[in-house]
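A short worksheet on the structure shown next.
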Amino acid sequence: MRVTQGTFSFLPDLSNAQIAKQVEYCLDQGWAIGLETTDDPHPRNTFWEMYGNPMFDLRDAAGVMLELEACRKAFARRYIRLTAFDSTHGTESVVLSFIVNRPEVEPGFRLVRSEGPGRSMRYGIESYAVQSRPEGGRY
């Protein structure tokens, strides 16, 4: 199962050249770049682990790409997401994010049904990665 989260989730994975173009666009807008990793890509898991510090002072896409390569070496078997943060007054939020690295095998999700009072049914999704091993031991 292919996890689709972020701006370019409907496209095939971006090449390094395409990622660099997106980074250039972000830097031209004055946005800070950050890299985050996780081994649980559940759609409601919005708090991924930050890799290093946000790159507020970096203005060169090549520097961001060097950080991305270092992150890929450290976390080759995890999901890596690139985020762009707009610090202007009134926005102060992540305005762009997309996955730039995936594990070789993506475990997927399963549908979980729970019954409630009055014959009501609730549905949710659960990651197979969370069930198989504890956090930090997955993949």
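To be explicit about the labels: the chains of the structure tokens are called A, B, and onward in the order shown, and within each one the residues are counted from 1, while ligands get numbers from 1 in the order they are shown.
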As a PyMOL selection string, please: every residue in stretch 11-131 of chain A that DSSP puts in alpha helix (DSSP H). chain A and resi 16-28+61-74+128-131
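Nearest residue to A:Val100 among A:Arg113, A:Arg72, A:Arg59, A:Arg122 is A:Arg72, counting only C-alpha atoms.
Using only C-alpha atoms, the shortest contact distance between A:Asn16 and any of A:Ser93, A:Ala62, A:Thr88, A:Pro54 is found at A:Ala62.
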Judged by only C-alpha atoms, the minimum distance to A:Arg78 among A:Gly30, A:Pro103, A:Pro41, A:Gly6 is found for A:Pro103
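The shell of residues at most 9 Å from A:Ala61, with only C-alpha atoms counted and near chain neighbours (fewer than 5 positions) removed, consists of Ala20, Lys21, Gln22, Val23, Glu24, Leu27 and Leu66 of chain A.
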